[in-house]
Structure formats: C-alpha cells, structure tokens
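K.L.:
Please find one structure pasted underneath; my questions will follow.
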Amino acid sequence: MNVRIPILLFGILCLSHWSMAQSRVQVGADRLETWLPALEGKRVALAVNHTSRLTGTSTHLVDTLLARGVEVVALFAPEHGLRGTADAGETLSDGKDSRTGLPVYSLYGRNKKPAPEQLADVDVLIFDIQDVGARFYTYITTLYYLMQSSAEEGVSLWVLDRPNPCDYVDGPVLQDSLHSFVGALPLPVLHGLTVGELAQMIRGENWGGTAALDLQVVPICGWRHGDPYSLPVKPSPNLPNDKSIQFYPSLCFFEATRVSVGRGTYMPFQVIGYPDSTFGSFTFTPVALPGYDKNPLQRDRLCYGEDLRDSIPPKGLSLKYLLRFFQLSGSRADFFSSPSFFDRLMGNRQVRRDILAGKSEAEISSSWQKELAAYRVLRRQYLLYPDYR
C-alpha cells in the first residue's frame, strides 16, 4: 500500500531540536513529558521487558508510569519474559507481576498474539522493547502480532522508539513459504530499521491487515542511521554486550547445527566450537548457567574452535564463519542438525543448498541481491531518521 504514516506531534517536537548537540541519545521512553499528558484518562497496557526503562535509570517503565498516575491495567511479556530472565525458547505462562500485582499475559507461551478479551479494557497499548535489528530476533514478531490485535480491537498502539544497534541492510529477504515466529515479515536478515520505522512499514504495507491501526511513534532524539549505539541493558540473556550483539546476526545460523556459539559460557555469540580438536585450538566447555542457558548445546563437553572476542565484527551479514566450520566438518550434509530450522532462520532454502554445493560466500550472497535492492527502496519510504550512508 505504501501509505506513509504522519509523524506524531512528539516527533515534530523532536525534529525541531535536531540541530542541538547529539551528545546524548534520548529514546522514546526518555521523552516522557512529551507523551505522558496524552495518556490522561486512558486505560493503558504495556508490552515491555527488562529493557523498558528510561536511560540512566534502573526503574522499569511500568513503575515509572504508575508513579505518575497512569492507569496501567495489563502487561504483555515477550520471549524471555517481563524481567528478561527466561531462556531462549522457554515457554512462558500468564500470571501476575510480583511487584505491581498487574496481570501479565505471555506472548511467548500458548498464545503469541493477544486474545480479544485481553485488550477489552485497553485504550492504548504501549510497546517499549529494545530490538537488535535481526529478522529472527523475536521481539519484532511480537510487535507485529500486537499490531494485528490492536487493529482488530480498535486499540491505539504507541511505539516508544529505540536505536538499532545492528543497523545494516543485508541478507536474503524472507520467502513466504518460510513464515514462522523467527520470520514473520518479508524482511532481510538485517532490516536496518528501528522498531518505530518497522511499525510504520507494517501498517503502511498493510501486513497482517494493520492498515486501519491507530499507530503513534515517539521518535528518538539525537540519533540517526549509522550512528553507533551501545545498549545500556542486555536485550536478552545470551547477548550480554556489544560484541555479542554485533556477531549475533552472522552466528545465529549455527543454532541449526551441532556447533556451539558459546551458550552456557560467559562468552555467548563470541566463540564458536565443536567437540573435535580439528576445529581449532581455542577451547571452552558449555555448562548449565543460570541467567544464561540452563541446557546449552554440547553441555559439559570440551569444544574446540575460535575466539572472536578480539575480532572486528562484520559490517552486515557474513557467512564466512558458517562456511569455515562447514568445511572443517568435512562438508557433510549432517552438519545441519535441523535443515528446516536453518532455512527458517535464513528465510531462504537456496542458501543451504548452495553451501552443500560448495559455493563461495560471494556466489551465495549474489543470489539475494535483487530482492534486497527492492527492499532498500521500500525501506526508504518509512525512515524517521536521516540515513547518510
């Protein structure tokens, strides 16, 4: 549909100050005084997790809004839960927040989309969750389903925007036949959008029947595309620092193989290894680690491989790590422990076939350039921030 959404008054106020020194990034949540008055008399639900806080504070957005007199009636929690402590893929149940007594509806359990009755008493649903810029990072799928439900139930949805710390456009665009929770939208692996811009794209393209949604985006101040951004709070248990976030888009595909990416260590997504000394001289042993991973791949086995902690992360998507370990495995088809999951993560079946056929990284990446170029054109229509790259 290519319908551009007008920037909310909050955005106009932000853009009028763009010429100010950009020494401090203000995320949408930080700009509380610009949007808080619009919540007066509204029944509010929040889609939040442990990243949902004002910059430089340890106070959760839920507690901030309650302290300011906002009528918060419900909470929605994504993968890893409201406080961000659940393992990847761990099923979560509905319950109550122990700190506030508010009902918490899990969007990573039996239902991944809010039920109509869960939004029945809601006027405004606020989404404030830090994304990392990769299609398979499930917070954006949760945003998509929240937008669908809000459109269906006539609820206004606000996105408090946050920077994209892995701000590149690269990789194959999702094929329709590979739609899943780790790939719900026709995006490349690295989509190059903030969650606010992505919400505009979802609505503007009417994905999931969202064209009628009352969407408001509270923009970031002091940030533009290409600016580095260090996350003040780790977005999920196994992305503990900037280096892990920067390697994550290229290493996540190992999750569909028998090769460990350091889950069960204090170096997740910064090391690669397998229990065979031919894979490298660096060693590590995954173990059950509370707060990281309770049952990691290759648990309690000495893994040999590569330490990336002092390496420079790729500026975009790189297949070189995957190809190297595939070759070290003897280029065997059973390198992929779950071919179907690999295809869903990649969003493309041809990449795995090309790897098995022994093609180079340049040959493989050339296969997705046409669709990626079309996506870049689409992306430009929904940008809220300058992009000088």
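Chain labels run A, B, ... following the order of the structure tokens; each chain numbers its residues from 1, and ligands are numbered from 1 in the order shown.
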Can you list, as a count of residues only, every protein, DNA or RNA residue that comes within 12 Å of Gln118 in chain A when you count only C-alpha atoms, leaving out same-chain residues fewer than 5 positions away?
P.N.:
22
K.L.:
Any idea what's packed within 9 Å of range 60-65 of chain A, counting only C-alpha atoms, ignoring anything in its chain fewer than 2 positions away? Could you give it as a list in words?
P.N.:
Ala29, Leu36, Leu46, Val48, Asn49, His50, Thr51, Ser52, Arg53, Leu54, Thr57, Ser58, Ala67, Arg68, Gly69, Val70, Glu71, Val72, Leu75, Arg99, Thr100 and Asp128 of chain A
K.L.:
Generate the output file for the selected residues, N, CA and C atoms, as a compact mmCIF listing (two decimals), in the first residue's frame.
P.N.:
```
# COMPACT_ATOMS: atom_id res chain seq x y z
N ALA A 29 11.12 6.49 25.36
CA ALA A 29 10.70 6.46 26.76
C ALA A 29 11.25 7.65 27.53
N LEU A 36 3.33 11.84 27.99
CA LEU A 36 2.56 11.46 29.17
C LEU A 36 1.19 12.15 29.26
N LEU A 46 0.88 -2.31 28.63
CA LEU A 46 2.27 -2.16 28.23
C LEU A 46 2.83 -3.48 27.72
N VAL A 48 6.27 -4.85 27.38
CA VAL A 48 7.56 -4.43 27.91
C VAL A 48 8.37 -5.63 28.38
N ASN A 49 9.64 -5.35 28.63
CA ASN A 49 10.50 -6.34 29.29
C ASN A 49 11.56 -5.59 30.11
N HIS A 50 12.64 -6.25 30.44
CA HIS A 50 13.65 -5.65 31.31
C HIS A 50 14.36 -4.46 30.67
N THR A 51 14.27 -4.30 29.34
CA THR A 51 14.91 -3.16 28.67
C THR A 51 14.06 -1.90 28.74
N SER A 52 12.85 -2.02 29.25
CA SER A 52 11.89 -0.92 29.21
C SER A 52 12.11 0.02 30.40
N ARG A 53 13.05 0.90 30.24
CA ARG A 53 13.36 1.86 31.29
C ARG A 53 13.93 3.13 30.65
N LEU A 54 13.85 4.21 31.39
CA LEU A 54 14.44 5.45 30.91
C LEU A 54 15.95 5.34 31.00
N THR A 57 18.49 5.03 34.25
CA THR A 57 17.75 4.68 35.46
C THR A 57 17.61 3.17 35.53
N SER A 58 17.31 2.67 36.72
CA SER A 58 17.06 1.24 36.89
C SER A 58 15.58 0.98 37.14
N ALA A 67 3.82 5.50 39.07
CA ALA A 67 4.17 6.59 39.98
C ALA A 67 3.67 7.94 39.48
N ARG A 68 3.48 8.05 38.16
CA ARG A 68 2.98 9.30 37.58
C ARG A 68 1.47 9.31 37.42
N GLY A 69 0.81 8.30 37.97
CA GLY A 69 -0.65 8.29 37.99
C GLY A 69 -1.33 7.72 36.77
N VAL A 70 -0.57 7.05 35.89
CA VAL A 70 -1.18 6.45 34.70
C VAL A 70 -1.93 5.18 35.11
N GLU A 71 -3.10 4.98 34.52
CA GLU A 71 -3.91 3.80 34.82
C GLU A 71 -3.43 2.62 33.97
N VAL A 72 -2.48 1.89 34.48
CA VAL A 72 -1.96 0.71 33.80
C VAL A 72 -2.82 -0.49 34.20
N LEU A 75 -0.12 -6.05 31.44
CA LEU A 75 1.23 -6.13 30.91
C LEU A 75 1.31 -7.31 29.95
N ARG A 99 5.71 -7.44 41.56
CA ARG A 99 5.98 -6.11 42.09
C ARG A 99 4.76 -5.20 42.09
N THR A 100 3.87 -5.38 41.10
CA THR A 100 2.74 -4.47 40.97
C THR A 100 1.38 -5.15 41.13
N ASP A 128 7.43 -0.89 24.25
CA ASP A 128 8.75 -0.32 24.54
C ASP A 128 9.72 -1.45 24.85
```
K.L.:
List every residue of range 203-275 of chain A that DSSP, applied to the backbone of this structure, places in strand (DSSP E or B), and write the result as a list in words.
P.N.:
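Result set for range 203-275 of chain A (strand (DSSP E or B)): Leu215, Gln216, Val217, Val218, Cys221, His225, Thr257, Ser260, Val271, Ile272, Gly273 and Tyr274 of chain A.
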K.L.:
Keeping only N, CA and C atoms, write the selected residues as a JSON list (two decimals), in the first residue's frame.
P.N.:
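That gives us selection.json:
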```json
[["chain", "number", "residue", "atom", "x", "y", "z"],
["A", 215, "LEU", "N", -1.73, 4.13, 14.90],
["A", 215, "LEU", "CA", -0.33, 3.94, 15.31],
["A", 215, "LEU", "C", 0.32, 5.28, 15.59],
["A", 216, "GLN", "N", 1.00, 5.37, 16.73],
["A", 216, "GLN", "CA", 1.76, 6.56, 17.08],
["A", 216, "GLN", "C", 3.18, 6.13, 17.42],
["A", 217, "VAL", "N", 4.15, 6.84, 16.90],
["A", 217, "VAL", "CA", 5.55, 6.55, 17.19],
["A", 217, "VAL", "C", 6.17, 7.74, 17.91],
["A", 218, "VAL", "N", 6.77, 7.48, 19.06],
["A", 218, "VAL", "CA", 7.51, 8.52, 19.78],
["A", 218, "VAL", "C", 8.97, 8.35, 19.38],
["A", 221, "CYS", "N", 15.52, 11.10, 19.88],
["A", 221, "CYS", "CA", 16.23, 12.35, 19.62],
["A", 221, "CYS", "C", 17.74, 12.10, 19.71],
["A", 225, "HIS", "N", 20.63, 6.98, 11.45],
["A", 225, "HIS", "CA", 21.11, 5.70, 10.97],
["A", 225, "HIS", "C", 22.61, 5.75, 10.73],
["A", 257, "THR", "N", 22.80, -26.11, 13.75],
["A", 257, "THR", "CA", 23.87, -27.09, 13.55],
["A", 257, "THR", "C", 24.25, -27.69, 14.91],
["A", 260, "SER", "N", 28.55, -25.18, 18.72],
["A", 260, "SER", "CA", 28.17, -24.26, 19.80],
["A", 260, "SER", "C", 28.63, -22.84, 19.49],
["A", 271, "VAL", "N", 32.18, -16.86, 20.72],
["A", 271, "VAL", "CA", 33.06, -18.01, 20.50],
["A", 271, "VAL", "C", 32.28, -19.05, 19.68],
["A", 272, "ILE", "N", 33.02, -19.88, 18.96],
["A", 272, "ILE", "CA", 32.42, -20.94, 18.15],
["A", 272, "ILE", "C", 33.23, -22.21, 18.39],
["A", 273, "GLY", "N", 32.56, -23.36, 18.57],
["A", 273, "GLY", "CA", 33.33, -24.57, 18.79],
["A", 273, "GLY", "C", 32.53, -25.85, 18.72],
["A", 274, "TYR", "N", 33.26, -26.96, 18.60],
["A", 274, "TYR", "CA", 32.66, -28.29, 18.49],
["A", 274, "TYR", "C", 33.60, -29.28, 19.18]]
```
K.L.:
Mind pulling up the distance from CA of Val124 in chain A to CA of Asn206 in chain A?
P.N.:
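About the pair CA of Asn206 in chain A and CA of Val124 in chain A: they are 20.2 Å apart.
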K.L.:
CA of Ala120 in chain A to CA of Ile202 in chain A: how many Å, to one decimal?
P.N.:
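CA of Ile202 in chain A lies at a distance of 23.1 Å from CA of Ala120 in chain A.
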K.L.:
Pick from A:Ile126, A:Leu102, A:Ala115, A:Val233: nearest to Gly28 in chain A, with only C-alpha atoms counted?
P.N.:
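So, comparing all the options, the nearest one is A:Ile126.
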K.L.:
With only C-alpha atoms as the basis for distance, which of A:Ala47, A:Ala357, A:Leu231, A:Leu187 is at the shortest distance from Thr142 in chain A?
P.N.:
A:Ala47
K.L.:
Which residue is closest to Ala151 in chain A? Choose from A:Ala212, A:Val169, A:Leu119, A:Met346 and count only C-alpha atoms.
P.N.:
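Using only C-alpha atoms, Ala151 in chain A sits closest to A:Ala212.
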K.L.:
Name the residues in contact with Gly192 in chain A at a cut-off of 7 Å, using only C-alpha atoms, excluding same-chain residues fewer than 2 positions from it; report them as a list in words.
P.N.:
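Contacts, in chain order: Gly133, Asp167, Tyr168, Val169 and Leu190 of chain A.
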K.L.:
Create the file for the chosen residues now, containing C-alpha atoms and written as a short mmCIF file (atom, residue, chain, number, x, y, z; two decimals), in the first residue's frame.
P.N.:
```
data_model
loop_
_atom_site.label_atom_id
_atom_site.label_comp_id
_atom_site.auth_asym_id
_atom_site.auth_seq_id
_atom_site.Cartn_x
_atom_site.Cartn_y
_atom_site.Cartn_z
CA GLY A 133 17.96 -5.40 14.14
CA ASP A 167 21.92 -1.06 11.80
CA TYR A 168 22.63 -2.72 8.45
CA VAL A 169 20.56 -3.90 5.50
CA LEU A 190 19.28 -7.40 8.80
#
```
K.L.:
If we count only C-alpha atoms, what is near Phe279 in chain A at a cut-off of 6 Å, once residues fewer than 2 positions away on the same chain are taken out, given as a list in words?
P.N.:
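With the cut-off at 6 Å, the set is Asp276, Ser277, Tyr304 and Gly305 of chain A.
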K.L.:
Using only C-alpha atoms, which residues sit within 8 Å of range 136-140 of chain A once same-chain residues fewer than 5 positions away are excluded, as a list in words?
P.N.:
Pro78, Glu79, Ile129, Asp131, Phe181, Val182, Gly183, Val189, Val195 and Leu345 of chain A
K.L.:
Quick one: write out the picked residues with C-alpha atoms as a compact mmCIF listing (two decimals), in the first residue's frame?
P.N.:
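And here is the file that came out, result_7.txt:
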```txt
# COMPACT_ATOMS: atom_id res chain seq x y z
CA PRO A 78 7.69 -11.28 25.01
CA GLU A 79 10.25 -14.10 24.79
CA ILE A 129 11.22 -3.16 23.93
CA ASP A 131 15.37 -4.76 19.36
CA PHE A 181 7.87 -16.95 14.62
CA VAL A 182 11.55 -16.36 13.76
CA GLY A 183 10.48 -14.92 10.41
CA VAL A 189 18.10 -10.90 7.86
CA VAL A 195 11.04 -0.70 15.77
CA LEU A 345 16.39 -18.64 10.19
```
K.L.:
Per DSSP on the backbone, filter range 276-328 of chain A down to the residues in alpha helix (DSSP H) and report them as a list in words.
P.N.:
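Put together, the selection reads Lys320, Tyr321, Leu322, Leu323, Arg324, Phe325, Phe326, Gln327 and Leu328 of chain A.
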K.L.:
Write to file, as an mmCIF file, in the first residue's frame, the residues of the selection just made, with C-alpha atoms.
P.N.:
```cif
data_model
loop_
_atom_site.group_PDB
_atom_site.id
_atom_site.type_symbol
_atom_site.label_atom_id
_atom_site.label_comp_id
_atom_site.auth_asym_id
_atom_site.auth_seq_id
_atom_site.Cartn_x
_atom_site.Cartn_y
_atom_site.Cartn_z
ATOM 1 C CA LYS A 320 32.424 -16.857 6.470
ATOM 2 C CA TYR A 321 32.181 -18.368 9.957
ATOM 3 C CA LEU A 322 29.470 -20.797 8.896
ATOM 4 C CA LEU A 323 31.335 -21.786 5.719
ATOM 5 C CA ARG A 324 34.606 -22.279 7.609
ATOM 6 C CA PHE A 325 33.074 -24.654 10.140
ATOM 7 C CA PHE A 326 31.118 -26.457 7.441
ATOM 8 C CA GLN A 327 34.395 -27.124 5.642
ATOM 9 C CA LEU A 328 36.087 -28.213 8.886
#
```
K.L.:
Quick one: residues within 12 Å of Glu371 in chain A, only C-alpha atoms counted, chain neighbours fewer than 4 positions away excluded, as a ChimeraX atom specification?
P.N.:
/A:169-175,186-188,348,365-367,375-378
K.L.:
Do a neighbour search on Arg299 in chain A at 10 Å with only C-alpha atoms, toss out local chain neighbours closer than 4 positions, and write the hits as a list in words.
P.N.:
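Contacts, in chain order: Ser260, Arg263, Gly264, Thr265, Thr285, Pro286, Val287, Ala288, Lys294, Asn295 and Cys303 of chain A.
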K.L.:
With N, CA and C atoms kept, could you save the residues just selected as a PDB file, in the first residue's frame?
P.N.:
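As a result, again_34.pdb now contains:
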```pdb
ATOM      1  N   SER A 260      28.546 -25.177  18.716  1.00  0.00           N
ATOM      2  CA  SER A 260      28.174 -24.264  19.802  1.00  0.00           C
ATOM      3  C   SER A 260      28.631 -22.839  19.485  1.00  0.00           C
ATOM      4  N   ARG A 263      26.772 -20.622  24.060  1.00  0.00           N
ATOM      5  CA  ARG A 263      25.717 -20.686  25.076  1.00  0.00           C
ATOM      6  C   ARG A 263      26.218 -21.611  26.200  1.00  0.00           C
ATOM      7  N   GLY A 264      25.944 -21.217  27.436  1.00  0.00           N
ATOM      8  CA  GLY A 264      26.480 -21.976  28.547  1.00  0.00           C
ATOM      9  C   GLY A 264      27.879 -21.547  28.942  1.00  0.00           C
ATOM     10  N   THR A 265      28.317 -20.400  28.411  1.00  0.00           N
ATOM     11  CA  THR A 265      29.571 -19.764  28.842  1.00  0.00           C
ATOM     12  C   THR A 265      29.259 -18.297  29.084  1.00  0.00           C
ATOM     13  N   THR A 285      34.063 -24.983  27.477  1.00  0.00           N
ATOM     14  CA  THR A 285      33.129 -26.049  27.842  1.00  0.00           C
ATOM     15  C   THR A 285      31.791 -25.442  28.248  1.00  0.00           C
ATOM     16  N   PRO A 286      30.730 -25.627  27.451  1.00  0.00           N
ATOM     17  CA  PRO A 286      29.404 -25.135  27.847  1.00  0.00           C
ATOM     18  C   PRO A 286      28.899 -25.880  29.082  1.00  0.00           C
ATOM     19  N   VAL A 287      28.335 -25.152  30.022  1.00  0.00           N
ATOM     20  CA  VAL A 287      27.740 -25.744  31.227  1.00  0.00           C
ATOM     21  C   VAL A 287      26.399 -25.064  31.478  1.00  0.00           C
ATOM     22  N   ALA A 288      25.615 -25.642  32.368  1.00  0.00           N
ATOM     23  CA  ALA A 288      24.360 -25.005  32.754  1.00  0.00           C
ATOM     24  C   ALA A 288      24.677 -23.735  33.540  1.00  0.00           C
ATOM     25  N   LYS A 294      20.230 -22.869  30.647  1.00  0.00           N
ATOM     26  CA  LYS A 294      20.187 -23.994  31.585  1.00  0.00           C
ATOM     27  C   LYS A 294      20.585 -25.314  30.938  1.00  0.00           C
ATOM     28  N   ASN A 295      20.434 -25.419  29.624  1.00  0.00           N
ATOM     29  CA  ASN A 295      20.760 -26.670  28.947  1.00  0.00           C
ATOM     30  C   ASN A 295      21.370 -26.373  27.579  1.00  0.00           C
ATOM     31  N   CYS A 303      34.833 -28.094  23.874  1.00  0.00           N
ATOM     32  CA  CYS A 303      34.684 -27.693  22.473  1.00  0.00           C
ATOM     33  C   CYS A 303      35.946 -26.993  21.990  1.00  0.00           C
TER      34      CYS A 303
END
```
K.L.:
Quote the spacing between CA of Ser340 in chain A and CA of Gly208 in chain A in Å to one decimal place.
P.N.:
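We find that CA of Ser340 in chain A and CA of Gly208 in chain A lie 24.1 Å from each other.
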